[in-house]
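J.: One file: my_file_10.txt (compact mmCIF, N, CA and C atoms).
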```txt
# COMPACT_ATOMS: atom_id res chain seq x y z
N MET P 51 7.09 -25.25 18.03
CA MET P 51 6.69 -23.96 17.49
C MET P 51 5.79 -24.15 16.28
N THR P 52 4.71 -23.40 16.25
CA THR P 52 3.80 -23.46 15.11
C THR P 52 4.34 -22.57 14.00
N LYS P 53 4.34 -23.10 12.80
CA LYS P 53 4.86 -22.40 11.62
C LYS P 53 3.72 -21.99 10.70
N ALA P 54 4.01 -21.06 9.81
CA ALA P 54 3.02 -20.61 8.82
C ALA P 54 2.45 -21.80 8.05
N ALA P 55 3.32 -22.73 7.66
CA ALA P 55 2.88 -23.90 6.90
C ALA P 55 1.88 -24.76 7.68
N ASP P 56 1.94 -24.69 9.02
CA ASP P 56 1.04 -25.49 9.86
C ASP P 56 -0.38 -24.93 9.89
N ILE P 57 -0.53 -23.64 9.68
CA ILE P 57 -1.85 -23.02 9.81
C ILE P 57 -2.43 -22.54 8.48
N MET P 58 -1.63 -22.56 7.42
CA MET P 58 -2.10 -22.05 6.13
C MET P 58 -3.11 -22.98 5.49
N HIS P 59 -3.84 -22.42 4.56
CA HIS P 59 -4.71 -23.21 3.69
C HIS P 59 -3.86 -23.57 2.47
N PRO P 60 -3.50 -24.84 2.31
CA PRO P 60 -2.62 -25.20 1.19
C PRO P 60 -3.36 -25.16 -0.15
N GLY P 61 -2.58 -25.15 -1.20
CA GLY P 61 -3.17 -25.24 -2.53
C GLY P 61 -3.69 -23.93 -3.08
N ALA P 62 -3.23 -22.82 -2.54
CA ALA P 62 -3.64 -21.53 -3.08
C ALA P 62 -3.23 -21.44 -4.55
N GLN P 63 -3.97 -20.66 -5.30
CA GLN P 63 -3.72 -20.57 -6.72
C GLN P 63 -3.49 -19.13 -7.15
N TRP P 64 -2.51 -18.92 -8.02
CA TRP P 64 -2.24 -17.61 -8.59
C TRP P 64 -3.29 -17.25 -9.64
N VAL P 65 -3.41 -15.97 -9.89
CA VAL P 65 -4.06 -15.49 -11.11
C VAL P 65 -3.03 -14.57 -11.76
N PRO P 66 -2.71 -14.79 -13.04
CA PRO P 66 -1.71 -13.93 -13.70
C PRO P 66 -2.22 -12.49 -13.81
N GLU P 67 -1.31 -11.54 -13.70
CA GLU P 67 -1.68 -10.12 -13.72
C GLU P 67 -2.35 -9.69 -15.01
N ASN P 68 -2.12 -10.42 -16.10
CA ASN P 68 -2.75 -10.05 -17.37
C ASN P 68 -4.07 -10.77 -17.61
N GLU P 69 -4.49 -11.62 -16.67
CA GLU P 69 -5.79 -12.29 -16.76
C GLU P 69 -6.89 -11.27 -16.51
N THR P 70 -8.08 -11.52 -17.03
CA THR P 70 -9.17 -10.55 -16.86
C THR P 70 -9.76 -10.62 -15.45
N VAL P 71 -10.36 -9.53 -15.07
CA VAL P 71 -11.08 -9.46 -13.79
C VAL P 71 -12.21 -10.47 -13.78
N LEU P 72 -12.87 -10.64 -14.91
CA LEU P 72 -13.95 -11.63 -15.01
C LEU P 72 -13.43 -13.02 -14.68
N ARG P 73 -12.31 -13.40 -15.24
CA ARG P 73 -11.75 -14.74 -14.97
C ARG P 73 -11.32 -14.87 -13.51
N ALA P 74 -10.79 -13.80 -12.93
CA ALA P 74 -10.43 -13.83 -11.51
C ALA P 74 -11.66 -14.07 -10.66
N ALA P 75 -12.76 -13.40 -10.98
CA ALA P 75 -14.01 -13.58 -10.23
C ALA P 75 -14.52 -15.01 -10.39
N GLN P 76 -14.43 -15.56 -11.58
CA GLN P 76 -14.85 -16.94 -11.80
C GLN P 76 -13.98 -17.91 -11.01
N LEU P 77 -12.69 -17.65 -10.98
CA LEU P 77 -11.77 -18.50 -10.22
C LEU P 77 -12.07 -18.43 -8.73
N MET P 78 -12.37 -17.24 -8.23
CA MET P 78 -12.75 -17.11 -6.81
C MET P 78 -13.98 -17.95 -6.52
N ARG P 79 -14.97 -17.89 -7.42
CA ARG P 79 -16.19 -18.68 -7.23
C ARG P 79 -15.86 -20.17 -7.23
N GLU P 80 -15.06 -20.62 -8.20
CA GLU P 80 -14.71 -22.04 -8.31
C GLU P 80 -13.96 -22.54 -7.08
N LEU P 81 -13.07 -21.71 -6.54
CA LEU P 81 -12.24 -22.10 -5.41
C LEU P 81 -12.90 -21.81 -4.05
N GLY P 82 -13.97 -21.03 -4.07
CA GLY P 82 -14.65 -20.67 -2.82
C GLY P 82 -13.82 -19.75 -1.95
N VAL P 83 -13.12 -18.79 -2.59
CA VAL P 83 -12.27 -17.85 -1.86
C VAL P 83 -12.67 -16.41 -2.20
N GLY P 84 -12.22 -15.48 -1.38
CA GLY P 84 -12.51 -14.07 -1.59
C GLY P 84 -11.30 -13.26 -2.00
N ALA P 85 -10.16 -13.93 -2.21
CA ALA P 85 -8.94 -13.24 -2.61
C ALA P 85 -8.04 -14.20 -3.37
N LEU P 86 -7.30 -13.63 -4.30
CA LEU P 86 -6.32 -14.42 -5.06
C LEU P 86 -5.01 -13.67 -5.13
N PRO P 87 -3.90 -14.36 -4.92
CA PRO P 87 -2.61 -13.74 -5.18
C PRO P 87 -2.47 -13.51 -6.68
N VAL P 88 -1.81 -12.43 -7.05
CA VAL P 88 -1.60 -12.09 -8.45
C VAL P 88 -0.12 -12.27 -8.75
N SER P 89 0.17 -12.94 -9.87
CA SER P 89 1.57 -13.21 -10.23
C SER P 89 1.97 -12.43 -11.47
N ASP P 90 3.27 -12.13 -11.53
CA ASP P 90 3.81 -11.52 -12.75
C ASP P 90 4.20 -12.63 -13.72
N ALA P 91 4.85 -12.27 -14.82
CA ALA P 91 5.22 -13.25 -15.85
C ALA P 91 6.18 -14.30 -15.33
N ASN P 92 6.92 -14.00 -14.27
CA ASN P 92 7.87 -14.95 -13.68
C ASN P 92 7.29 -15.74 -12.52
N GLU P 93 5.97 -15.70 -12.37
CA GLU P 93 5.27 -16.35 -11.27
C GLU P 93 5.75 -15.87 -9.91
N ARG P 94 5.99 -14.58 -9.81
CA ARG P 94 6.34 -13.94 -8.55
C ARG P 94 5.15 -13.12 -8.09
N LEU P 95 4.94 -13.07 -6.81
CA LEU P 95 3.85 -12.30 -6.24
C LEU P 95 3.99 -10.82 -6.58
N CYS P 96 2.96 -10.26 -7.21
CA CYS P 96 2.99 -8.82 -7.52
C CYS P 96 1.76 -8.12 -6.96
N GLY P 97 0.88 -8.86 -6.30
CA GLY P 97 -0.29 -8.24 -5.69
C GLY P 97 -1.28 -9.28 -5.23
N ILE P 98 -2.38 -8.78 -4.69
CA ILE P 98 -3.50 -9.62 -4.28
C ILE P 98 -4.76 -8.90 -4.74
N VAL P 99 -5.70 -9.64 -5.28
CA VAL P 99 -6.98 -9.06 -5.68
C VAL P 99 -8.06 -9.72 -4.83
N THR P 100 -8.97 -8.89 -4.33
CA THR P 100 -10.07 -9.39 -3.49
C THR P 100 -11.39 -9.19 -4.21
N ASP P 101 -12.40 -9.88 -3.70
CA ASP P 101 -13.74 -9.68 -4.26
C ASP P 101 -14.17 -8.23 -4.12
N ARG P 102 -13.77 -7.59 -3.05
CA ARG P 102 -14.08 -6.17 -2.85
C ARG P 102 -13.38 -5.30 -3.90
N ASP P 103 -12.13 -5.62 -4.21
CA ASP P 103 -11.41 -4.88 -5.26
C ASP P 103 -12.18 -4.95 -6.57
N ILE P 104 -12.72 -6.13 -6.88
CA ILE P 104 -13.45 -6.30 -8.13
C ILE P 104 -14.71 -5.44 -8.15
N VAL P 105 -15.44 -5.45 -7.05
CA VAL P 105 -16.68 -4.68 -6.99
C VAL P 105 -16.40 -3.17 -6.99
N VAL P 106 -15.52 -2.73 -6.11
CA VAL P 106 -15.27 -1.30 -5.95
C VAL P 106 -14.38 -0.73 -7.06
N GLY P 107 -13.36 -1.49 -7.45
CA GLY P 107 -12.38 -0.98 -8.40
C GLY P 107 -12.71 -1.23 -9.86
N CYS P 108 -13.65 -2.11 -10.13
CA CYS P 108 -14.00 -2.40 -11.52
C CYS P 108 -15.49 -2.17 -11.78
N ILE P 109 -16.34 -2.92 -11.14
CA ILE P 109 -17.78 -2.84 -11.40
C ILE P 109 -18.32 -1.45 -11.08
N ALA P 110 -18.02 -0.93 -9.89
CA ALA P 110 -18.54 0.39 -9.49
C ALA P 110 -17.98 1.52 -10.35
N GLU P 111 -16.86 1.27 -11.02
CA GLU P 111 -16.26 2.27 -11.91
C GLU P 111 -16.76 2.11 -13.35
N SER P 112 -17.72 1.22 -13.54
CA SER P 112 -18.28 0.93 -14.86
C SER P 112 -17.24 0.42 -15.84
N ALA P 113 -16.19 -0.23 -15.33
CA ALA P 113 -15.18 -0.84 -16.19
C ALA P 113 -15.68 -2.20 -16.65
N ASP P 114 -15.17 -2.66 -17.75
CA ASP P 114 -15.56 -3.94 -18.32
C ASP P 114 -14.72 -5.06 -17.70
N PRO P 115 -15.30 -5.91 -16.86
CA PRO P 115 -14.53 -6.97 -16.22
C PRO P 115 -13.94 -7.97 -17.21
N SER P 116 -14.54 -8.09 -18.39
CA SER P 116 -14.00 -9.04 -19.37
C SER P 116 -12.85 -8.43 -20.17
N GLY P 117 -12.59 -7.13 -19.98
CA GLY P 117 -11.50 -6.49 -20.69
C GLY P 117 -10.47 -5.84 -19.79
N THR P 118 -10.73 -5.85 -18.51
CA THR P 118 -9.82 -5.22 -17.54
C THR P 118 -8.87 -6.27 -16.98
N PRO P 119 -7.55 -6.04 -17.08
CA PRO P 119 -6.62 -7.00 -16.48
C PRO P 119 -6.65 -6.90 -14.96
N VAL P 120 -6.55 -8.04 -14.31
CA VAL P 120 -6.60 -8.08 -12.85
C VAL P 120 -5.47 -7.25 -12.24
N GLY P 121 -4.34 -7.15 -12.93
CA GLY P 121 -3.22 -6.36 -12.44
C GLY P 121 -3.56 -4.89 -12.26
N ALA P 122 -4.58 -4.42 -12.98
CA ALA P 122 -5.00 -3.02 -12.86
C ALA P 122 -5.63 -2.73 -11.50
N LEU P 123 -6.04 -3.77 -10.79
CA LEU P 123 -6.69 -3.59 -9.48
C LEU P 123 -5.73 -3.72 -8.31
N THR P 124 -4.53 -4.18 -8.55
CA THR P 124 -3.59 -4.37 -7.45
C THR P 124 -2.88 -3.06 -7.15
N LYS P 125 -2.68 -2.82 -5.86
CA LYS P 125 -2.04 -1.58 -5.41
C LYS P 125 -1.02 -1.89 -4.33
N GLY P 126 0.01 -1.09 -4.27
CA GLY P 126 0.98 -1.20 -3.19
C GLY P 126 1.88 -2.42 -3.30
N THR P 127 2.67 -2.60 -2.29
CA THR P 127 3.61 -3.72 -2.21
C THR P 127 2.93 -4.90 -1.54
N PRO P 128 2.87 -6.04 -2.22
CA PRO P 128 2.21 -7.19 -1.60
C PRO P 128 3.04 -7.73 -0.44
N ARG P 129 2.38 -8.18 0.58
CA ARG P 129 3.02 -8.77 1.75
C ARG P 129 2.91 -10.29 1.63
N TRP P 130 3.89 -11.00 2.17
CA TRP P 130 3.90 -12.45 2.17
C TRP P 130 4.73 -12.92 3.34
N ILE P 131 4.70 -14.23 3.57
CA ILE P 131 5.45 -14.80 4.70
C ILE P 131 6.07 -16.12 4.24
N PRO P 132 7.28 -16.42 4.69
CA PRO P 132 7.87 -17.72 4.37
C PRO P 132 7.12 -18.86 5.07
N ALA P 133 7.06 -20.00 4.44
CA ALA P 133 6.35 -21.15 5.00
C ALA P 133 6.91 -21.57 6.36
N ASP P 134 8.20 -21.33 6.59
CA ASP P 134 8.80 -21.75 7.85
C ASP P 134 8.79 -20.66 8.93
N ALA P 135 8.10 -19.55 8.67
CA ALA P 135 8.01 -18.46 9.65
C ALA P 135 7.17 -18.89 10.85
N ASP P 136 7.54 -18.40 12.00
CA ASP P 136 6.80 -18.67 13.23
C ASP P 136 5.46 -17.95 13.18
N VAL P 137 4.47 -18.52 13.83
CA VAL P 137 3.13 -17.93 13.83
C VAL P 137 3.14 -16.50 14.40
N ARG P 138 4.08 -16.21 15.31
CA ARG P 138 4.18 -14.84 15.83
C ARG P 138 4.57 -13.86 14.73
N ASP P 139 5.41 -14.32 13.80
CA ASP P 139 5.78 -13.48 12.65
C ASP P 139 4.59 -13.28 11.72
N VAL P 140 3.78 -14.30 11.57
CA VAL P 140 2.56 -14.20 10.77
C VAL P 140 1.66 -13.12 11.35
N LEU P 141 1.41 -13.21 12.65
CA LEU P 141 0.55 -12.23 13.31
C LEU P 141 1.12 -10.82 13.21
N ARG P 142 2.39 -10.69 13.43
CA ARG P 142 3.03 -9.37 13.36
C ARG P 142 2.85 -8.76 11.96
N GLU P 143 3.09 -9.55 10.94
CA GLU P 143 2.96 -9.07 9.55
C GLU P 143 1.52 -8.65 9.25
N MET P 144 0.58 -9.46 9.65
CA MET P 144 -0.83 -9.15 9.38
C MET P 144 -1.30 -7.95 10.21
N GLU P 145 -0.87 -7.88 11.46
CA GLU P 145 -1.28 -6.77 12.33
C GLU P 145 -0.66 -5.45 11.89
N GLU P 146 0.64 -5.45 11.61
CA GLU P 146 1.33 -4.21 11.24
C GLU P 146 0.78 -3.61 9.95
N HIS P 147 0.38 -4.46 9.03
CA HIS P 147 -0.09 -3.98 7.73
C HIS P 147 -1.61 -4.03 7.61
N LYS P 148 -2.28 -4.43 8.71
CA LYS P 148 -3.74 -4.50 8.76
C LYS P 148 -4.31 -5.27 7.56
N ILE P 149 -3.76 -6.47 7.39
CA ILE P 149 -4.22 -7.32 6.29
C ILE P 149 -4.90 -8.56 6.83
N ARG P 150 -5.83 -9.08 6.06
CA ARG P 150 -6.65 -10.20 6.50
C ARG P 150 -6.29 -11.51 5.82
N ARG P 151 -5.46 -11.42 4.77
CA ARG P 151 -5.03 -12.61 4.05
C ARG P 151 -3.55 -12.46 3.73
N LEU P 152 -2.81 -13.54 3.89
CA LEU P 152 -1.36 -13.47 3.72
C LEU P 152 -0.87 -14.68 2.92
N PRO P 153 -0.29 -14.44 1.74
CA PRO P 153 0.27 -15.55 0.96
C PRO P 153 1.47 -16.16 1.69
N VAL P 154 1.63 -17.46 1.52
CA VAL P 154 2.75 -18.20 2.11
C VAL P 154 3.61 -18.70 0.94
N ILE P 155 4.90 -18.39 1.03
CA ILE P 155 5.86 -18.66 -0.04
C ILE P 155 6.93 -19.64 0.45
N ASP P 156 7.32 -20.58 -0.41
CA ASP P 156 8.38 -21.53 -0.03
C ASP P 156 9.76 -20.96 -0.32
N GLN P 157 10.79 -21.78 -0.09
CA GLN P 157 12.17 -21.33 -0.26
C GLN P 157 12.48 -20.94 -1.71
N ASN P 158 11.74 -21.47 -2.66
CA ASN P 158 11.94 -21.17 -4.08
C ASN P 158 11.08 -20.00 -4.54
N LYS P 159 10.50 -19.28 -3.58
CA LYS P 159 9.65 -18.12 -3.86
C LYS P 159 8.39 -18.49 -4.63
N ARG P 160 7.88 -19.68 -4.40
CA ARG P 160 6.66 -20.15 -5.04
C ARG P 160 5.53 -20.17 -4.01
N LEU P 161 4.34 -19.85 -4.47
CA LEU P 161 3.16 -19.84 -3.61
C LEU P 161 2.81 -21.26 -3.17
N VAL P 162 2.67 -21.47 -1.86
CA VAL P 162 2.29 -22.79 -1.34
C VAL P 162 1.00 -22.76 -0.54
N GLY P 163 0.52 -21.57 -0.20
CA GLY P 163 -0.71 -21.48 0.57
C GLY P 163 -1.08 -20.05 0.90
N MET P 164 -2.19 -19.91 1.60
CA MET P 164 -2.67 -18.61 2.07
C MET P 164 -3.11 -18.77 3.52
N ILE P 165 -2.89 -17.71 4.29
CA ILE P 165 -3.39 -17.67 5.66
C ILE P 165 -4.45 -16.59 5.70
N SER P 166 -5.62 -16.97 6.19
CA SER P 166 -6.73 -16.03 6.31
C SER P 166 -7.14 -15.90 7.78
N GLU P 167 -8.06 -15.01 8.03
CA GLU P 167 -8.59 -14.86 9.39
C GLU P 167 -9.20 -16.18 9.87
N ALA P 168 -9.85 -16.89 8.98
CA ALA P 168 -10.47 -18.17 9.36
C ALA P 168 -9.41 -19.17 9.81
N ASP P 169 -8.25 -19.18 9.12
CA ASP P 169 -7.16 -20.07 9.53
C ASP P 169 -6.66 -19.70 10.92
N LEU P 170 -6.55 -18.40 11.18
CA LEU P 170 -6.11 -17.95 12.50
C LEU P 170 -7.12 -18.38 13.57
N ALA P 171 -8.41 -18.23 13.25
CA ALA P 171 -9.46 -18.58 14.20
C ALA P 171 -9.41 -20.06 14.57
N HIS P 172 -9.01 -20.90 13.64
CA HIS P 172 -8.92 -22.34 13.90
C HIS P 172 -7.68 -22.74 14.69
N HIS P 173 -6.65 -21.90 14.68
CA HIS P 173 -5.37 -22.31 15.25
C HIS P 173 -4.87 -21.48 16.43
N LEU P 174 -5.48 -20.34 16.68
CA LEU P 174 -5.00 -19.47 17.75
C LEU P 174 -5.87 -19.58 18.99
N SER P 175 -5.29 -19.24 20.12
CA SER P 175 -6.08 -19.15 21.35
C SER P 175 -7.02 -17.97 21.22
N ASP P 176 -8.07 -17.96 22.02
CA ASP P 176 -9.02 -16.85 22.00
C ASP P 176 -8.33 -15.53 22.31
N ASP P 177 -7.37 -15.57 23.23
CA ASP P 177 -6.65 -14.36 23.61
C ASP P 177 -5.85 -13.79 22.44
N LEU P 178 -5.07 -14.63 21.76
CA LEU P 178 -4.28 -14.17 20.62
C LEU P 178 -5.19 -13.71 19.48
N LEU P 179 -6.27 -14.42 19.24
CA LEU P 179 -7.20 -14.05 18.19
C LEU P 179 -7.85 -12.70 18.49
N GLY P 180 -8.22 -12.48 19.75
CA GLY P 180 -8.80 -11.20 20.15
C GLY P 180 -7.84 -10.04 19.94
N LYS P 181 -6.57 -10.24 20.28
CA LYS P 181 -5.56 -9.19 20.06
C LYS P 181 -5.38 -8.90 18.57
N PHE P 182 -5.38 -9.96 17.76
CA PHE P 182 -5.27 -9.78 16.30
C PHE P 182 -6.41 -8.94 15.77
N VAL P 183 -7.62 -9.31 16.13
CA VAL P 183 -8.82 -8.59 15.64
C VAL P 183 -8.76 -7.13 16.08
N GLU P 184 -8.38 -6.89 17.31
CA GLU P 184 -8.28 -5.53 17.82
C GLU P 184 -7.29 -4.71 17.01
N LYS P 185 -6.15 -5.26 16.70
CA LYS P 185 -5.10 -4.52 15.97
C LYS P 185 -5.43 -4.33 14.51
N VAL P 186 -6.04 -5.32 13.87
CA VAL P 186 -6.32 -5.22 12.44
C VAL P 186 -7.54 -4.34 12.18
N TYR P 187 -8.52 -4.39 13.04
CA TYR P 187 -9.75 -3.65 12.78
C TYR P 187 -9.83 -2.31 13.50
N ALA P 188 -8.89 -2.02 14.38
CA ALA P 188 -8.90 -0.74 15.10
C ALA P 188 -8.64 0.41 14.12
N GLN P 189 -9.27 1.51 14.37
CA GLN P 189 -9.10 2.68 13.49
C GLN P 189 -7.79 3.32 13.69
```
Please go through the file and, once you have read it, give me the structure as structure tokens.
T.:
Amino acid sequence: MTKAADIMHPGAQWVPENETVLRAAQLMRELGVGALPVSDANERLCGIVTDRDIVVGCIAESADPSGTPVGALTKGTPRWIPADADVRDVLREMEEHKIRRLPVIDQNKRLVGMISEADLAHHLSDDLLGKFVEKVYAQ
């Protein structure tokens, strides 16, 4: 059985909720990613910020990215998956919530990786990938 840990991109990095949007954008550039998990003071997942969140929720609102905390851009309850979850559970979570990136958490509730659409494309059959795309992108 394929597990979340088998298909995730390891080495994902948190951005603290009180860090600035500017620093989050710089970190995305440095890491070559379009999303970062956001952590609270206890290093627990409290959200995810995307490059789109930065543009639409900060820049387009004429907010100052060097003074806006990244936590101000996070909304809703963040979704995550245990590292030992079956890939079917990964797909179900992403499809049900129409999300494109999913943090992977270990038994100690620490971030160990992220699963993105690209990871799915590398590890799923064309049939499973097609069903995922249909469910996530369908109106």
J.: Output as a PyMOL selection string all residues of chain P that backbone DSSP marks as alpha helix (DSSP H).
T.: chain P and resi 54-57+71-81+101-104+137-147+167-173+176-187
J.: Please save N, CA and C atoms of the selected residues as a CSV table (one decimal), in the coordinates of the input.
T.:
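And here is the file that came out, out-v4.csv:
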```
chain,number,residue,atom,x,y,z
P,54,ALA,N,4.0,-21.1,9.8
P,54,ALA,CA,3.0,-20.6,8.8
P,54,ALA,C,2.4,-21.8,8.0
P,55,ALA,N,3.3,-22.7,7.7
P,55,ALA,CA,2.9,-23.9,6.9
P,55,ALA,C,1.9,-24.8,7.7
P,56,ASP,N,1.9,-24.7,9.0
P,56,ASP,CA,1.0,-25.5,9.9
P,56,ASP,C,-0.4,-24.9,9.9
P,57,ILE,N,-0.5,-23.6,9.7
P,57,ILE,CA,-1.8,-23.0,9.8
P,57,ILE,C,-2.4,-22.5,8.5
P,71,VAL,N,-10.4,-9.5,-15.1
P,71,VAL,CA,-11.1,-9.5,-13.8
P,71,VAL,C,-12.2,-10.5,-13.8
P,72,LEU,N,-12.9,-10.6,-14.9
P,72,LEU,CA,-14.0,-11.6,-15.0
P,72,LEU,C,-13.4,-13.0,-14.7
P,73,ARG,N,-12.3,-13.4,-15.2
P,73,ARG,CA,-11.8,-14.7,-15.0
P,73,ARG,C,-11.3,-14.9,-13.5
P,74,ALA,N,-10.8,-13.8,-12.9
P,74,ALA,CA,-10.4,-13.8,-11.5
P,74,ALA,C,-11.7,-14.1,-10.7
P,75,ALA,N,-12.8,-13.4,-11.0
P,75,ALA,CA,-14.0,-13.6,-10.2
P,75,ALA,C,-14.5,-15.0,-10.4
P,76,GLN,N,-14.4,-15.6,-11.6
P,76,GLN,CA,-14.8,-16.9,-11.8
P,76,GLN,C,-14.0,-17.9,-11.0
P,77,LEU,N,-12.7,-17.6,-11.0
P,77,LEU,CA,-11.8,-18.5,-10.2
P,77,LEU,C,-12.1,-18.4,-8.7
P,78,MET,N,-12.4,-17.2,-8.2
P,78,MET,CA,-12.8,-17.1,-6.8
P,78,MET,C,-14.0,-18.0,-6.5
P,79,ARG,N,-15.0,-17.9,-7.4
P,79,ARG,CA,-16.2,-18.7,-7.2
P,79,ARG,C,-15.9,-20.2,-7.2
P,80,GLU,N,-15.1,-20.6,-8.2
P,80,GLU,CA,-14.7,-22.0,-8.3
P,80,GLU,C,-14.0,-22.5,-7.1
P,81,LEU,N,-13.1,-21.7,-6.5
P,81,LEU,CA,-12.2,-22.1,-5.4
P,81,LEU,C,-12.9,-21.8,-4.0
P,101,ASP,N,-12.4,-9.9,-3.7
P,101,ASP,CA,-13.7,-9.7,-4.3
P,101,ASP,C,-14.2,-8.2,-4.1
P,102,ARG,N,-13.8,-7.6,-3.0
P,102,ARG,CA,-14.1,-6.2,-2.8
P,102,ARG,C,-13.4,-5.3,-3.9
P,103,ASP,N,-12.1,-5.6,-4.2
P,103,ASP,CA,-11.4,-4.9,-5.3
P,103,ASP,C,-12.2,-5.0,-6.6
P,104,ILE,N,-12.7,-6.1,-6.9
P,104,ILE,CA,-13.4,-6.3,-8.1
P,104,ILE,C,-14.7,-5.4,-8.2
P,137,VAL,N,4.5,-18.5,13.8
P,137,VAL,CA,3.1,-17.9,13.8
P,137,VAL,C,3.1,-16.5,14.4
P,138,ARG,N,4.1,-16.2,15.3
P,138,ARG,CA,4.2,-14.8,15.8
P,138,ARG,C,4.6,-13.9,14.7
P,139,ASP,N,5.4,-14.3,13.8
P,139,ASP,CA,5.8,-13.5,12.6
P,139,ASP,C,4.6,-13.3,11.7
P,140,VAL,N,3.8,-14.3,11.6
P,140,VAL,CA,2.6,-14.2,10.8
P,140,VAL,C,1.7,-13.1,11.4
P,141,LEU,N,1.4,-13.2,12.6
P,141,LEU,CA,0.6,-12.2,13.3
P,141,LEU,C,1.1,-10.8,13.2
P,142,ARG,N,2.4,-10.7,13.4
P,142,ARG,CA,3.0,-9.4,13.4
P,142,ARG,C,2.8,-8.8,12.0
P,143,GLU,N,3.1,-9.6,10.9
P,143,GLU,CA,3.0,-9.1,9.6
P,143,GLU,C,1.5,-8.6,9.2
P,144,MET,N,0.6,-9.5,9.6
P,144,MET,CA,-0.8,-9.2,9.4
P,144,MET,C,-1.3,-8.0,10.2
P,145,GLU,N,-0.9,-7.9,11.5
P,145,GLU,CA,-1.3,-6.8,12.3
P,145,GLU,C,-0.7,-5.4,11.9
P,146,GLU,N,0.6,-5.4,11.6
P,146,GLU,CA,1.3,-4.2,11.2
P,146,GLU,C,0.8,-3.6,10.0
P,147,HIS,N,0.4,-4.5,9.0
P,147,HIS,CA,-0.1,-4.0,7.7
P,147,HIS,C,-1.6,-4.0,7.6
P,167,GLU,N,-8.1,-15.0,8.0
P,167,GLU,CA,-8.6,-14.9,9.4
P,167,GLU,C,-9.2,-16.2,9.9
P,168,ALA,N,-9.8,-16.9,9.0
P,168,ALA,CA,-10.5,-18.2,9.4
P,168,ALA,C,-9.4,-19.2,9.8
P,169,ASP,N,-8.2,-19.2,9.1
P,169,ASP,CA,-7.2,-20.1,9.5
P,169,ASP,C,-6.7,-19.7,10.9
P,170,LEU,N,-6.6,-18.4,11.2
P,170,LEU,CA,-6.1,-18.0,12.5
P,170,LEU,C,-7.1,-18.4,13.6
P,171,ALA,N,-8.4,-18.2,13.2
P,171,ALA,CA,-9.5,-18.6,14.2
P,171,ALA,C,-9.4,-20.1,14.6
P,172,HIS,N,-9.0,-20.9,13.6
P,172,HIS,CA,-8.9,-22.3,13.9
P,172,HIS,C,-7.7,-22.7,14.7
P,173,HIS,N,-6.6,-21.9,14.7
P,173,HIS,CA,-5.4,-22.3,15.2
P,173,HIS,C,-4.9,-21.5,16.4
P,176,ASP,N,-8.1,-18.0,22.0
P,176,ASP,CA,-9.0,-16.8,22.0
P,176,ASP,C,-8.3,-15.5,22.3
P,177,ASP,N,-7.4,-15.6,23.2
P,177,ASP,CA,-6.6,-14.4,23.6
P,177,ASP,C,-5.8,-13.8,22.4
P,178,LEU,N,-5.1,-14.6,21.8
P,178,LEU,CA,-4.3,-14.2,20.6
P,178,LEU,C,-5.2,-13.7,19.5
P,179,LEU,N,-6.3,-14.4,19.2
P,179,LEU,CA,-7.2,-14.0,18.2
P,179,LEU,C,-7.8,-12.7,18.5
P,180,GLY,N,-8.2,-12.5,19.8
P,180,GLY,CA,-8.8,-11.2,20.2
P,180,GLY,C,-7.8,-10.0,19.9
P,181,LYS,N,-6.6,-10.2,20.3
P,181,LYS,CA,-5.6,-9.2,20.1
P,181,LYS,C,-5.4,-8.9,18.6
P,182,PHE,N,-5.4,-10.0,17.8
P,182,PHE,CA,-5.3,-9.8,16.3
P,182,PHE,C,-6.4,-8.9,15.8
P,183,VAL,N,-7.6,-9.3,16.1
P,183,VAL,CA,-8.8,-8.6,15.6
P,183,VAL,C,-8.8,-7.1,16.1
P,184,GLU,N,-8.4,-6.9,17.3
P,184,GLU,CA,-8.3,-5.5,17.8
P,184,GLU,C,-7.3,-4.7,17.0
P,185,LYS,N,-6.2,-5.3,16.7
P,185,LYS,CA,-5.1,-4.5,16.0
P,185,LYS,C,-5.4,-4.3,14.5
P,186,VAL,N,-6.0,-5.3,13.9
P,186,VAL,CA,-6.3,-5.2,12.4
P,186,VAL,C,-7.5,-4.3,12.2
P,187,TYR,N,-8.5,-4.4,13.0
P,187,TYR,CA,-9.8,-3.6,12.8
P,187,TYR,C,-9.8,-2.3,13.5
```
J.: Using only C-alpha atoms, can you tell me which of P:Val105, P:Leu174, P:Ile57, P:Met164 comes closest to Leu123 of chain P?
T.: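 Answer, going by the shortest atom-to-atom distance: P:Val105.
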J.: Separation of atom N of Leu141 of chain P and atom CA of Ala85 of chain P, in Å?
T.: 18.4 Å
J.: Rank P:Gly121, P:Gly126, P:Pro66, P:Gly107 by their smallest atom-to-atom distance to Glu93 of chain P, using all atoms listed in the file, and report the top residue only.
T.: P:Pro66
J.: With distances taken over all atoms listed in the file, which residue among P:Met51, P:Val88, P:Ala171, P:Ile165 lies nearest Trp64 of chain P?
T.: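 So, comparing all the options, the nearest one is P:Val88.
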J.: From the list P:Lys159, P:Ala168, P:Ile98, P:Val71, which residue is nearest Pro128 of chain P when using only N, CA and C atoms?
T.: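 Checking each candidate against Pro128 of chain P, we get P:Ile98 as the closest.
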J.: Any chance you could list, as number ranges by chain, the residues in chain P that come up strand (DSSP E or B) when DSSP is run on the backbone?
T.: P: 53, 59-60, 65-66, 70, 85-89, 95-100, 119, 131-132, 136, 151-155, 161-166
J.: Determine the nearest neighbour of Val120 of chain P from the options P:Arg73, P:His172, P:Lys181, P:Lys53, counting only C-alpha atoms.
T.: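 Of P:Arg73, P:His172, P:Lys181, P:Lys53, the one nearest Val120 of chain P is P:Arg73, counting only C-alpha atoms.
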J.: Measuring between only C-alpha atoms, which one of P:Ser166, P:Thr118, P:Thr124, P:Thr52 shows the shortest distance to Leu95 of chain P?
T.: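 Closest to Leu95 of chain P of all the choices is P:Thr124.
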J.: Report, in Å to a single decimal, how far apart atom CA of Val65 of chain P and atom C of Ser89 of chain P are.
T.: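 Separation of atom C of Ser89 of chain P and atom CA of Val65 of chain P: 6.8 Å.
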J.: If we count all atoms listed in the file and set the cut-off at 7 Å, which residues sit around Gln63 of chain P, ignoring sequence neighbours fewer than 4 positions away in its own chain? Please answer as a list of chain:residue names.
T.: P:Leu86, P:Pro87, P:Val88, P:Gly163
